[in-house]
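> The structure file protein.txt (compact mmCIF, C-alpha atoms and all ligand atoms) is provided below.
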# COMPACT_ATOMS: atom_id res chain seq x y z
CA MET A 1432 -20.59 -18.86 -96.24
CA THR A 1433 -17.00 -17.70 -96.74
CA ASP A 1434 -15.16 -18.83 -99.83
CA ALA A 1435 -11.67 -17.85 -98.67
CA ALA A 1436 -8.79 -20.25 -99.22
CA VAL A 1437 -8.57 -22.94 -96.53
CA SER A 1438 -5.43 -22.70 -94.41
CA LEU A 1439 -3.51 -25.24 -92.39
CA ARG A 1440 -4.60 -23.38 -89.25
CA ASP A 1441 -8.27 -23.80 -90.30
CA LEU A 1442 -7.76 -27.51 -90.80
CA MET A 1443 -6.03 -28.11 -87.47
CA SER A 1444 -8.54 -26.16 -85.35
CA PRO A 1445 -10.68 -28.17 -82.90
CA THR A 1446 -13.84 -27.13 -84.81
CA SER A 1447 -12.43 -28.47 -88.02
CA ILE A 1448 -11.35 -31.74 -86.40
CA ALA A 1449 -15.00 -32.26 -85.49
CA HIS A 1450 -16.28 -31.04 -88.90
CA PRO A 1451 -13.55 -31.15 -91.55
CA TYR A 1452 -15.81 -31.98 -94.50
CA PRO A 1453 -17.21 -28.47 -95.14
CA LEU A 1454 -13.59 -27.28 -95.44
CA TYR A 1455 -12.77 -30.02 -97.94
CA GLU A 1456 -15.91 -29.13 -99.88
CA ARG A 1457 -14.77 -25.50 -99.95
CA MET A 1458 -11.37 -26.54 -101.26
CA HIS A 1459 -13.03 -28.46 -104.10
CA ARG A 1460 -15.46 -25.62 -104.81
CA ARG A 1461 -12.58 -23.18 -105.18
CA GLY A 1462 -11.15 -25.50 -107.85
CA GLU A 1463 -7.64 -25.45 -106.41
CA PRO A 1464 -6.47 -29.02 -105.85
CA VAL A 1465 -3.09 -27.75 -104.58
CA VAL A 1466 -2.73 -24.55 -102.52
CA GLU A 1467 0.18 -23.00 -100.73
CA ASP A 1468 -0.54 -22.16 -97.13
CA PRO A 1469 0.97 -18.98 -95.61
CA SER A 1470 3.31 -21.30 -93.66
CA GLY A 1471 4.79 -22.55 -96.94
CA VAL A 1472 3.18 -25.98 -96.57
CA HIS A 1473 1.27 -27.17 -99.67
CA LEU A 1474 -2.21 -28.56 -99.09
CA VAL A 1475 -3.32 -31.14 -101.65
CA SER A 1476 -7.04 -31.90 -101.76
CA GLY A 1477 -7.50 -33.24 -105.31
CA TYR A 1478 -7.84 -36.99 -105.86
CA ALA A 1479 -5.78 -37.09 -109.06
CA GLU A 1480 -3.06 -34.99 -107.43
CA CYS A 1481 -2.88 -37.06 -104.21
CA HIS A 1482 -2.90 -40.21 -106.33
CA ALA A 1483 0.01 -38.96 -108.45
CA LEU A 1484 2.06 -37.65 -105.51
CA LEU A 1485 1.69 -40.86 -103.48
CA ARG A 1486 3.39 -42.68 -106.36
CA ASP A 1487 5.96 -40.01 -107.15
CA ALA A 1488 9.57 -40.93 -106.31
CA ARG A 1489 10.30 -37.21 -105.90
CA CYS A 1490 8.14 -37.24 -102.77
CA SER A 1491 10.01 -38.31 -99.65
CA SER A 1492 8.44 -39.68 -96.47
CA ASP A 1493 11.39 -38.48 -94.39
CA GLU A 1494 10.28 -35.26 -92.72
CA THR A 1495 13.78 -34.44 -91.52
CA GLY A 1496 14.56 -33.36 -95.09
CA SER A 1497 11.98 -30.58 -95.15
CA THR A 1498 12.58 -26.85 -94.99
CA MET A 1499 9.94 -26.76 -92.23
CA PHE A 1500 11.91 -29.25 -90.11
CA HIS A 1501 15.12 -27.24 -90.50
CA ARG A 1502 13.27 -24.05 -89.56
CA MET A 1503 11.78 -25.71 -86.46
CA ARG A 1504 15.22 -26.92 -85.41
CA GLY A 1505 16.68 -23.49 -86.07
CA ARG A 1506 14.03 -21.87 -83.85
CA GLY A 1507 14.67 -24.43 -81.10
CA GLU A 1508 11.13 -25.87 -81.41
CA LEU A 1509 12.39 -29.45 -81.47
CA SER A 1510 14.11 -30.75 -78.37
CA GLY A 1511 17.28 -32.85 -78.62
CA GLU A 1512 15.09 -35.78 -77.57
CA ASP A 1513 12.63 -35.12 -80.43
CA ALA A 1514 15.47 -34.97 -82.93
CA ALA A 1515 17.12 -38.13 -81.54
CA LEU A 1516 13.85 -40.04 -81.87
CA LEU A 1517 13.31 -38.81 -85.40
CA ALA A 1518 16.69 -40.29 -86.22
CA LYS A 1519 15.19 -43.68 -85.21
CA ALA A 1520 12.13 -43.15 -87.38
CA PRO A 1521 9.85 -46.08 -88.24
CA PHE A 1522 10.04 -47.27 -91.83
CA MET A 1523 6.81 -45.45 -92.64
CA LEU A 1524 8.95 -42.29 -92.40
CA LEU A 1525 11.90 -43.62 -94.40
CA ASP A 1526 12.69 -43.75 -98.11
CA PRO A 1527 14.26 -46.53 -100.16
CA PRO A 1528 16.57 -48.37 -99.75
CA ALA A 1529 16.12 -48.55 -95.94
CA HIS A 1530 12.32 -48.43 -96.32
CA THR A 1531 12.32 -51.29 -98.85
CA ARG A 1532 14.49 -53.52 -96.66
CA LEU A 1533 12.49 -52.96 -93.43
CA ARG A 1534 9.06 -53.10 -95.07
CA ARG A 1535 9.99 -56.40 -96.69
CA LEU A 1536 11.13 -57.76 -93.33
CA ALA A 1537 7.91 -56.68 -91.60
CA HIS A 1538 5.82 -58.09 -94.46
CA THR A 1539 7.62 -61.46 -94.34
CA CYS A 1540 6.93 -61.80 -90.62
CA LEU A 1541 3.34 -60.51 -90.67
CA ILE A 1542 1.86 -62.57 -93.50
CA PRO A 1543 2.11 -66.02 -91.83
CA ALA A 1544 0.68 -64.46 -88.65
CA PHE A 1545 -2.48 -63.47 -90.57
CA ALA A 1546 -3.46 -67.14 -91.00
CA GLY A 1547 -6.60 -68.03 -89.07
CA LEU A 1548 -7.27 -64.40 -88.23
CA PRO A 1549 -10.98 -64.23 -89.13
CA GLU A 1550 -11.74 -66.95 -86.57
CA ARG A 1551 -9.78 -65.08 -83.88
CA ILE A 1552 -11.53 -61.82 -84.75
CA GLU A 1553 -14.95 -63.52 -84.64
CA ARG A 1554 -14.10 -64.93 -81.20
CA ILE A 1555 -13.04 -61.58 -79.72
CA VAL A 1556 -16.01 -59.72 -81.25
CA ALA A 1557 -18.36 -62.36 -79.79
CA GLU A 1558 -16.75 -61.99 -76.35
CA LEU A 1559 -17.03 -58.20 -76.41
CA LEU A 1560 -20.67 -58.26 -77.50
CA ASP A 1561 -21.52 -61.00 -74.96
CA ALA A 1562 -20.05 -58.77 -72.24
CA ALA A 1563 -22.08 -55.81 -73.56
CA GLY A 1564 -25.20 -58.02 -73.41
CA GLU A 1565 -24.84 -58.16 -69.63
CA ARG A 1566 -25.40 -54.39 -69.47
CA GLU A 1567 -27.78 -51.96 -71.12
CA SER A 1568 -25.24 -49.40 -72.22
CA MET A 1569 -21.64 -49.18 -73.39
CA ASP A 1570 -19.10 -46.81 -74.76
CA VAL A 1571 -18.61 -48.11 -78.31
CA VAL A 1572 -15.04 -46.76 -78.39
CA ALA A 1573 -13.76 -48.04 -75.04
CA ASP A 1574 -15.78 -51.29 -74.92
CA PHE A 1575 -15.80 -52.42 -78.56
CA ALA A 1576 -13.82 -50.45 -81.16
CA PHE A 1577 -10.65 -50.14 -79.06
CA PRO A 1578 -10.25 -53.57 -77.40
CA LEU A 1579 -10.65 -55.59 -80.63
CA PRO A 1580 -7.68 -54.24 -82.61
CA VAL A 1581 -5.52 -53.91 -79.47
CA ARG A 1582 -6.04 -57.54 -78.57
CA ILE A 1583 -5.43 -58.69 -82.13
CA ILE A 1584 -2.21 -56.74 -82.66
CA CYS A 1585 -0.92 -57.69 -79.21
CA GLU A 1586 -1.69 -61.36 -79.93
CA LEU A 1587 0.15 -61.12 -83.26
CA LEU A 1588 3.14 -59.54 -81.59
CA GLY A 1589 2.90 -61.96 -78.67
CA LEU A 1590 2.54 -59.28 -75.98
CA PRO A 1591 1.15 -60.23 -72.56
CA GLN A 1592 -2.38 -59.05 -71.69
CA GLU A 1593 -1.25 -57.30 -68.51
CA ASP A 1594 0.81 -54.90 -70.64
CA PHE A 1595 -2.18 -53.76 -72.76
CA PRO A 1596 -3.14 -50.78 -70.57
CA ARG A 1597 0.26 -49.07 -70.64
CA LEU A 1598 0.84 -49.96 -74.30
CA GLY A 1599 -2.57 -48.47 -75.09
CA ARG A 1600 -1.70 -45.28 -73.17
CA TRP A 1601 1.62 -44.83 -74.95
CA SER A 1602 0.26 -45.53 -78.38
CA GLY A 1603 -2.68 -43.17 -77.76
CA ALA A 1604 -0.21 -40.39 -76.91
CA MET A 1605 1.76 -41.15 -80.07
CA ALA A 1606 -1.36 -41.14 -82.21
CA ARG A 1607 -2.43 -37.77 -80.75
CA ASN A 1608 0.94 -36.49 -81.85
CA MET A 1609 0.65 -37.66 -85.47
CA ASP A 1610 0.08 -34.06 -86.52
CA GLN A 1611 3.50 -33.56 -84.90
CA ALA A 1612 5.03 -31.03 -87.25
CA PHE A 1613 1.86 -28.93 -87.14
CA ASN A 1614 1.15 -29.52 -83.50
CA LEU A 1615 1.71 -26.21 -81.80
CA ASP A 1616 0.81 -27.69 -78.45
CA ALA A 1617 4.27 -28.24 -76.94
CA ALA A 1618 2.89 -30.33 -74.07
CA ALA A 1619 1.21 -32.79 -76.48
CA ARG A 1620 4.40 -32.97 -78.49
CA ALA A 1621 6.50 -33.69 -75.40
CA GLU A 1622 4.02 -36.37 -74.29
CA GLY A 1623 4.15 -38.01 -77.73
CA THR A 1624 7.94 -38.01 -77.66
CA ARG A 1625 8.03 -39.55 -74.17
CA ALA A 1626 5.51 -42.19 -75.22
CA ARG A 1627 7.57 -43.17 -78.26
CA ALA A 1628 10.70 -43.44 -76.09
CA SER A 1629 8.80 -45.64 -73.60
CA ILE A 1630 7.49 -47.94 -76.35
CA LEU A 1631 10.96 -48.33 -77.83
CA ASP A 1632 12.42 -49.10 -74.35
CA TYR A 1633 9.66 -51.65 -73.83
CA PHE A 1634 10.56 -53.51 -77.02
CA HIS A 1635 14.28 -53.22 -76.30
CA GLU A 1636 13.67 -55.17 -73.09
CA LEU A 1637 11.48 -57.74 -74.81
CA ILE A 1638 13.76 -58.53 -77.76
CA PRO A 1639 16.51 -60.36 -75.82
CA ALA A 1640 13.84 -62.45 -74.09
CA ARG A 1641 12.38 -63.51 -77.46
CA ARG A 1642 15.85 -64.21 -78.78
CA ALA A 1643 16.49 -66.54 -75.82
CA ALA A 1644 13.06 -68.22 -76.03
CA PRO A 1645 11.37 -67.76 -79.44
CA SER A 1646 7.62 -68.29 -79.35
CA GLY A 1647 6.37 -68.25 -82.95
CA ASP A 1648 4.99 -64.70 -82.80
CA VAL A 1649 5.87 -61.81 -85.09
CA ILE A 1650 8.57 -60.45 -82.74
CA SER A 1651 10.32 -63.82 -82.57
CA GLN A 1652 10.27 -64.03 -86.39
CA LEU A 1653 11.62 -60.49 -86.70
CA VAL A 1654 14.43 -61.25 -84.25
CA ALA A 1655 15.34 -64.48 -86.07
CA LEU A 1656 15.60 -62.73 -89.45
CA ALA A 1657 17.37 -59.73 -87.92
CA ASP A 1658 19.99 -62.06 -86.45
CA GLN A 1659 20.63 -63.38 -89.96
CA GLY A 1660 21.58 -59.83 -90.96
CA ALA A 1661 18.22 -58.37 -92.12
CA ALA A 1662 18.18 -55.56 -89.50
CA ASP A 1663 19.68 -54.43 -86.19
CA THR A 1664 17.96 -54.48 -82.81
CA GLU A 1665 17.12 -50.77 -83.00
CA GLU A 1666 15.28 -51.38 -86.27
CA VAL A 1667 13.39 -54.39 -84.89
CA ALA A 1668 12.18 -52.31 -81.93
CA SER A 1669 11.10 -49.57 -84.32
CA ILE A 1670 9.15 -52.05 -86.51
CA CYS A 1671 7.38 -53.44 -83.44
CA ALA A 1672 6.42 -49.94 -82.26
CA LEU A 1673 5.10 -49.07 -85.73
CA LEU A 1674 3.02 -52.25 -85.96
CA LEU A 1675 1.60 -51.70 -82.49
CA VAL A 1676 0.51 -48.11 -83.13
CA ALA A 1677 -0.49 -48.42 -86.82
CA GLY A 1678 -2.14 -51.75 -86.05
CA HIS A 1679 -4.83 -50.39 -83.79
CA GLU A 1680 -5.07 -46.60 -83.56
CA THR A 1681 -6.52 -46.47 -87.07
CA THR A 1682 -8.76 -49.51 -86.85
CA VAL A 1683 -10.40 -48.13 -83.70
CA ASN A 1684 -11.59 -45.19 -85.80
CA LEU A 1685 -12.75 -47.41 -88.66
CA ILE A 1686 -15.00 -49.36 -86.31
CA ALA A 1687 -16.21 -46.31 -84.33
CA ASN A 1688 -16.92 -44.27 -87.49
CA GLY A 1689 -18.75 -47.26 -88.97
CA VAL A 1690 -20.89 -47.83 -85.85
CA LEU A 1691 -21.71 -44.12 -85.83
CA LEU A 1692 -23.13 -44.46 -89.34
CA LEU A 1693 -25.09 -47.58 -88.38
CA LEU A 1694 -26.60 -45.78 -85.39
CA GLY A 1695 -27.79 -42.94 -87.58
CA ASP A 1696 -29.43 -45.08 -90.27
CA PRO A 1697 -31.64 -48.08 -89.31
CA GLY A 1698 -32.04 -49.04 -92.99
CA LEU A 1699 -28.28 -49.30 -93.37
CA ARG A 1700 -28.04 -51.34 -90.16
CA GLN A 1701 -30.65 -53.77 -91.50
CA ARG A 1702 -28.84 -54.21 -94.81
CA VAL A 1703 -25.48 -54.76 -93.14
CA ALA A 1704 -27.06 -57.30 -90.79
CA ASP A 1705 -28.93 -59.21 -93.49
CA ARG A 1706 -27.21 -58.91 -96.83
CA PRO A 1707 -24.11 -61.03 -97.52
CA GLY A 1708 -21.26 -58.81 -98.62
CA ALA A 1709 -22.85 -55.62 -97.26
CA ALA A 1710 -20.41 -55.33 -94.34
CA LYS A 1711 -17.48 -55.62 -96.74
CA ALA A 1712 -18.92 -52.84 -98.91
CA MET A 1713 -19.59 -50.79 -95.81
CA VAL A 1714 -15.94 -50.97 -94.73
CA GLU A 1715 -14.81 -49.65 -98.13
CA GLU A 1716 -17.35 -46.83 -98.07
CA VAL A 1717 -16.39 -45.83 -94.48
CA LEU A 1718 -12.76 -45.75 -95.61
CA ARG A 1719 -13.80 -43.31 -98.34
CA PHE A 1720 -16.50 -41.30 -96.64
CA ASP A 1721 -15.17 -40.96 -93.08
CA PRO A 1722 -11.67 -42.47 -93.04
CA PRO A 1723 -9.54 -43.04 -89.94
CA LEU A 1724 -6.51 -41.27 -91.43
CA HIS A 1725 -7.14 -37.85 -92.91
CA PHE A 1726 -3.72 -36.94 -94.22
CA ARG A 1727 -0.14 -38.02 -94.74
CA THR A 1728 2.80 -35.74 -95.38
CA ARG A 1729 5.56 -35.85 -97.93
CA VAL A 1730 8.60 -33.67 -98.67
CA ALA A 1731 9.43 -32.55 -102.23
CA LEU A 1732 12.92 -33.83 -103.10
CA SER A 1733 13.06 -31.53 -106.14
CA ASP A 1734 10.79 -28.87 -107.65
CA ILE A 1735 7.56 -30.65 -108.60
CA GLU A 1736 5.03 -29.21 -111.02
CA ILE A 1737 1.49 -30.24 -110.19
CA ALA A 1738 -1.91 -28.75 -111.09
CA GLY A 1739 -0.21 -25.74 -112.66
CA ARG A 1740 1.91 -24.96 -109.59
CA VAL A 1741 5.54 -25.53 -108.78
CA VAL A 1742 6.08 -27.03 -105.35
CA PRO A 1743 9.63 -26.08 -104.44
CA ARG A 1744 12.27 -28.53 -103.27
CA GLY A 1745 12.11 -29.00 -99.49
CA ALA A 1746 8.43 -28.02 -99.25
CA THR A 1747 6.12 -30.10 -97.08
CA LEU A 1748 3.08 -31.52 -98.85
CA VAL A 1749 0.02 -32.35 -96.80
CA LEU A 1750 -1.82 -34.99 -98.83
CA LEU A 1751 -5.41 -34.72 -97.64
CA LEU A 1752 -6.54 -38.27 -98.39
CA ALA A 1753 -9.95 -37.67 -96.79
CA ALA A 1754 -10.51 -34.60 -99.00
CA ALA A 1755 -9.38 -36.54 -102.08
CA ASN A 1756 -11.94 -39.21 -101.20
CA ARG A 1757 -14.65 -36.56 -101.55
CA ASP A 1758 -13.35 -34.98 -104.75
CA PRO A 1759 -16.38 -34.49 -107.04
CA ARG A 1760 -14.07 -34.83 -110.06
CA ARG A 1761 -13.51 -38.45 -109.04
CA PHE A 1762 -16.62 -39.58 -107.11
CA ASP A 1763 -20.28 -39.02 -107.97
CA SER A 1764 -22.21 -37.41 -105.09
CA PRO A 1765 -19.08 -37.60 -102.91
CA ASP A 1766 -20.83 -36.39 -99.75
CA VAL A 1767 -23.37 -39.21 -99.87
CA PHE A 1768 -22.66 -42.49 -98.06
CA ASP A 1769 -23.53 -45.08 -100.69
CA LEU A 1770 -23.26 -48.78 -99.88
CA ASP A 1771 -23.67 -49.63 -103.57
CA ARG A 1772 -20.95 -47.30 -104.81
CA ARG A 1773 -19.05 -48.74 -107.74
CA ASN A 1774 -15.38 -48.25 -108.57
CA ASN A 1775 -14.71 -47.13 -105.01
CA ARG A 1776 -10.95 -46.71 -105.24
CA HIS A 1777 -10.57 -44.53 -102.18
CA LEU A 1778 -7.20 -43.51 -100.76
CA GLY A 1779 -8.02 -44.66 -97.22
CA PHE A 1780 -5.07 -47.07 -97.17
CA GLY A 1781 -2.75 -44.82 -99.18
CA LEU A 1782 -1.07 -46.01 -102.36
CA GLY A 1783 2.34 -46.81 -103.81
CA LEU A 1784 5.48 -47.78 -101.87
CA HIS A 1785 3.98 -46.93 -98.48
CA ALA A 1786 0.49 -48.39 -99.03
CA CYS A 1787 -0.88 -49.81 -95.78
CA LEU A 1788 0.76 -53.07 -94.79
CA GLY A 1789 -2.13 -54.08 -92.55
CA ALA A 1790 -5.01 -53.38 -94.95
CA ALA A 1791 -6.17 -57.02 -95.07
CA LEU A 1792 -6.19 -57.24 -91.29
CA ALA A 1793 -8.01 -53.91 -90.86
CA ARG A 1794 -10.61 -54.87 -93.48
CA SER A 1795 -11.26 -58.17 -91.76
CA GLU A 1796 -11.60 -56.56 -88.31
CA GLY A 1797 -13.87 -53.82 -89.66
CA GLU A 1798 -16.09 -56.20 -91.59
CA ILE A 1799 -16.65 -58.66 -88.74
CA ALA A 1800 -17.10 -55.93 -86.10
CA LEU A 1801 -19.65 -53.93 -88.14
CA ARG A 1802 -21.58 -56.99 -89.30
CA GLU A 1803 -21.86 -58.43 -85.80
CA PHE A 1804 -22.77 -55.07 -84.26
CA ALA A 1805 -25.51 -54.63 -86.87
CA ARG A 1806 -26.77 -58.18 -86.31
CA ARG A 1807 -26.66 -58.42 -82.55
CA VAL A 1808 -27.17 -55.01 -80.95
CA ARG A 1809 -30.89 -54.18 -80.94
CA GLY A 1810 -32.57 -50.86 -80.27
CA ALA A 1811 -29.29 -48.96 -80.00
CA GLU A 1812 -29.28 -45.19 -79.59
CA ARG A 1813 -26.67 -42.59 -78.80
CA LEU A 1814 -26.59 -41.10 -75.33
CA GLU A 1815 -24.79 -37.89 -76.30
CA ALA A 1816 -26.03 -35.78 -79.20
CA ARG A 1817 -22.69 -33.96 -79.46
CA LEU A 1818 -19.66 -35.96 -80.47
CA THR A 1819 -16.25 -35.36 -78.92
CA TYR A 1820 -13.38 -36.16 -81.26
CA ARG A 1821 -9.83 -37.16 -80.38
CA PRO A 1822 -7.71 -34.03 -80.69
CA THR A 1823 -5.96 -34.92 -83.95
CA LEU A 1824 -6.98 -34.59 -87.57
CA ALA A 1825 -4.36 -37.06 -88.80
CA MET A 1826 -6.04 -39.96 -86.98
CA ARG A 1827 -9.61 -38.79 -86.72
CA GLY A 1828 -12.30 -40.55 -84.75
CA PRO A 1829 -14.65 -40.08 -81.77
CA ALA A 1830 -13.04 -40.02 -78.33
CA ARG A 1831 -16.10 -41.80 -76.96
CA LEU A 1832 -19.45 -42.99 -78.24
CA PRO A 1833 -21.82 -43.89 -75.38
CA ILE A 1834 -24.96 -45.79 -76.39
CA ARG A 1835 -27.81 -47.65 -74.75
CA TYR A 1836 -29.68 -50.58 -76.29
CA THR A 1837 -32.59 -52.84 -75.57
CA SER A 1838 -30.70 -56.14 -75.99
CA VAL A 1839 -27.73 -57.92 -77.52
CA GLY A 1840 -28.77 -61.05 -79.42
C1 LIG B 1901 0.62 -47.38 -93.73
C2 LIG B 1901 -4.09 -46.47 -93.23
C3 LIG B 1901 -4.53 -50.36 -90.35
C4 LIG B 1901 0.22 -51.08 -90.61
C5 LIG B 1901 -0.61 -46.84 -93.88
C6 LIG B 1901 -0.94 -45.74 -94.75
C7 LIG B 1901 -2.25 -45.47 -94.60
C8 LIG B 1901 -2.77 -46.42 -93.65
C9 LIG B 1901 -3.05 -44.37 -95.29
C10 LIG B 1901 0.02 -45.02 -95.72
C11 LIG B 1901 0.98 -44.13 -95.02
C12 LIG B 1901 1.79 -43.28 -95.98
O1 LIG B 1901 1.61 -43.33 -97.19
O2 LIG B 1901 2.60 -42.50 -95.48
C13 LIG B 1901 -4.59 -47.42 -92.38
C14 LIG B 1901 -5.98 -47.50 -92.00
C15 LIG B 1901 -6.10 -48.59 -91.19
C16 LIG B 1901 -4.79 -49.21 -91.07
C17 LIG B 1901 -7.06 -46.51 -92.43
C18 LIG B 1901 -7.31 -49.14 -90.50
C19 LIG B 1901 -8.52 -48.98 -90.91
C20 LIG B 1901 -3.30 -50.94 -90.22
C21 LIG B 1901 -3.01 -52.14 -89.49
C22 LIG B 1901 -1.66 -52.32 -89.55
C23 LIG B 1901 -1.10 -51.25 -90.32
C24 LIG B 1901 -4.05 -53.04 -88.82
C25 LIG B 1901 -0.79 -53.42 -88.96
C26 LIG B 1901 -0.91 -54.61 -88.85
C27 LIG B 1901 0.73 -50.11 -91.45
C28 LIG B 1901 2.15 -49.96 -91.72
C29 LIG B 1901 2.27 -48.88 -92.61
C30 LIG B 1901 0.92 -48.41 -92.86
C31 LIG B 1901 3.26 -50.81 -91.15
C32 LIG B 1901 3.55 -48.32 -93.19
C33 LIG B 1901 3.77 -48.85 -94.59
C34 LIG B 1901 4.99 -48.25 -95.25
O3 LIG B 1901 5.40 -47.14 -94.93
O4 LIG B 1901 5.53 -48.93 -96.12
N1 LIG B 1901 -1.75 -47.25 -93.23
N2 LIG B 1901 -3.91 -48.46 -91.78
N3 LIG B 1901 -2.12 -50.43 -90.72
N4 LIG B 1901 0.02 -49.18 -92.15
FE1 LIG B 1901 -1.95 -48.90 -92.06
What is this file in structure tokens?
Ligand code: HEM

Amino acid sequence: MTDAAVSLRDLMSPTSIAHPYPLYERMHRRGEPVVEDPSGVHLVSGYAECHALLRDARCSSDETGSTMFHRMRGRGELSGEDAALLAKAPFMLLDPPAHTRLRRLAHTCLIPAFAGLPERIERIVAELLDAAGERESMDVVADFAFPLPVRIICELLGLPQEDFPRLGRWSGAMARNMDQAFNLDAAARAEGTRARASILDYFHELIPARRAAPSGDVISQLVALADQGAADTEEVASICALLLVAGHETTVNLIANGVLLLLGDPGLRQRVADRPGAAKAMVEEVLRFDPPLHFRTRVALSDIEIAGRVVPRGATLVLLLAAANRDPRRFDSPDVFDLDRRNNRHLGFGLGLHACLGAALARSEGEIALREFARRVRGAERLEARLTYRPTLAMRGPARLPIRYTSVG
């Protein structure tokens, strides 16, 4: 087995998207928690280093400040449309003070909407499994892991059911483009840009309607607070688009990755079905062991010294959260899935100013979905030995997961 330094190109290859963990293991074995890639990007695989950088005010979330972004613009690799959309970036890609103001606004409107969620999640999970019970096979992604978070986030935002298919298509294209800056596939990039423009147009049309007839959903709340001066319409549309995409593209992978583990280990399935609290522990261990989001990027606002290296101002940092979650300096037997793991402070939801705003919702969806799947679906087995992954490392999960089963209880 080669022991050469792992490059960005290695990480973004289709083989690596299907099997990234041997590369992370190699990075740890080489004992270099921060390495500079030939492209100038810095890859961070160490837990302590990711932890520190996520909380470091010298790390910006605004990619337009990076040397890499300026180079791409200089080489004409970003269209005018790309650049215009980046100027309307969601608050996940902004720094304080704009980030603080918009995150607070989103938080204020989301929290009341979370009331009564477990009951709604239970209801939708029951409906999906009842429907599966009428057949002998299903695609876990399309028939279970995807519809649950889409329906929940659309309900929270107050979006009509008939719009789900096109919203799902657009947000899928945006999620595939999360590796954007490293995505050398121009067609995928153009599709992601078009999808983001379509989602923003969609919300631009909806906002005046909600202003005229508020309906108690998150969008109506956002519009009401925006009209009191908290934000402009452009920013409200951008928050809605962020919540829609972040609210389900990740959770789909949490559920699908979790079901995949249940299918491979009958003992685990039994424990999750029978033992109170096991599904909760399972969600945390999936978020560590096989997380939906493998990396986030940051830009160094000044020279930053870390792990004996100086990351120069303007450099892009790829914080490999999934690699950090398997750092043997932080976790015992990191490559073992352990339901009883203690002190499991994984980085699956990030940390610091940008820590996931929907973590409570995602945890609740994951816990109920995995527990009910383990309890109700009997004799399940995979129909395809080889897994096909969605073509992005940033948001990593199976594209489909066909199974057959003997019954659904
Ligand atoms: C941010 C993971 C579900 C909304 C983040 C971040 C991570 C993450 C790692 C940090 C981004 C950064 O530091 O740059 C996940 C995972 C999920 C999940 C693994 C599911 C298992 C959700 C849901 C929602 C949501 C259900 C919405 C209701 C957000 C938002 C941000 C965010 C709005 C941006 C926060 C900010 O920049 O201040 N998420 N997320 N996420 N997440 Fe999640």
> Could you list, as an MDAnalysis selection string, every residue within 9 Å of range 1551-1559 of chain A, counting all atoms listed in the file and ignoring same-chain residues fewer than 2 positions away?
chainID A and resid 1547:1549 1561:1564 1574:1575 1578:1580 1582:1583 1795:1796 1799:1800 1803:1804
> Please measure the separation of CA of Arg1620 in chain A and CA of Ala1606 in chain A, giving the value in Å to one decimal.
10.7 Å
> Which residues come within 7 Å of Met1569 in chain A, counting all atoms listed in the file, excluding same-chain residues fewer than 6 positions away, as number ranges by chain?
A: 1563, 1833-1835
> I need every residue sitting at most 10 Å from the point (-20.8, -30.4, -97.4) (coordinates as in the file, only C-alpha atoms considered), written as an mmCIF file with C-alpha atoms, in the frame of the given file.

data_model
loop_
_atom_site.group_PDB
_atom_site.id
_atom_site.type_symbol
_atom_site.label_atom_id
_atom_site.label_comp_id
_atom_site.auth_asym_id
_atom_site.auth_seq_id
_atom_site.Cartn_x
_atom_site.Cartn_y
_atom_site.Cartn_z
ATOM 1 C CA HIS A 1450 -16.280 -31.040 -88.900
ATOM 2 C CA PRO A 1451 -13.550 -31.150 -91.550
ATOM 3 C CA TYR A 1452 -15.810 -31.980 -94.500
ATOM 4 C CA PRO A 1453 -17.210 -28.470 -95.140
ATOM 5 C CA LEU A 1454 -13.590 -27.280 -95.440
ATOM 6 C CA TYR A 1455 -12.770 -30.020 -97.940
ATOM 7 C CA GLU A 1456 -15.910 -29.130 -99.880
ATOM 8 C CA ARG A 1457 -14.770 -25.500 -99.950
ATOM 9 C CA ARG A 1757 -14.650 -36.560 -101.550
ATOM 10 C CA PRO A 1765 -19.080 -37.600 -102.910
ATOM 11 C CA ASP A 1766 -20.830 -36.390 -99.750
ATOM 12 C CA VAL A 1767 -23.370 -39.210 -99.870
#
> As a PyMOL selection string, please: the residues near range 1653-1662 of chain A (cut-off 8 Å, all atoms listed in the file, same-chain neighbours under 6 positions excluded).
chain A and resi 1532-1533+1536-1537+1540+1638+1641-1642
> Can you pull out every residue within 8 Å of Arg1534 in chain A, counting only C-alpha atoms, but drop anything in the same chain fewer than 4 positions away, and send it as a list in words?
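Residues meeting the cut-off are Phe1522, His1530 and His1538 of chain A.
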> Enter the distance from CA of Leu1699 in chain A to CA of Ser1568 in chain A, in Å, rounded to one decimal.
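Distance between the two atoms: 21.4 Å.
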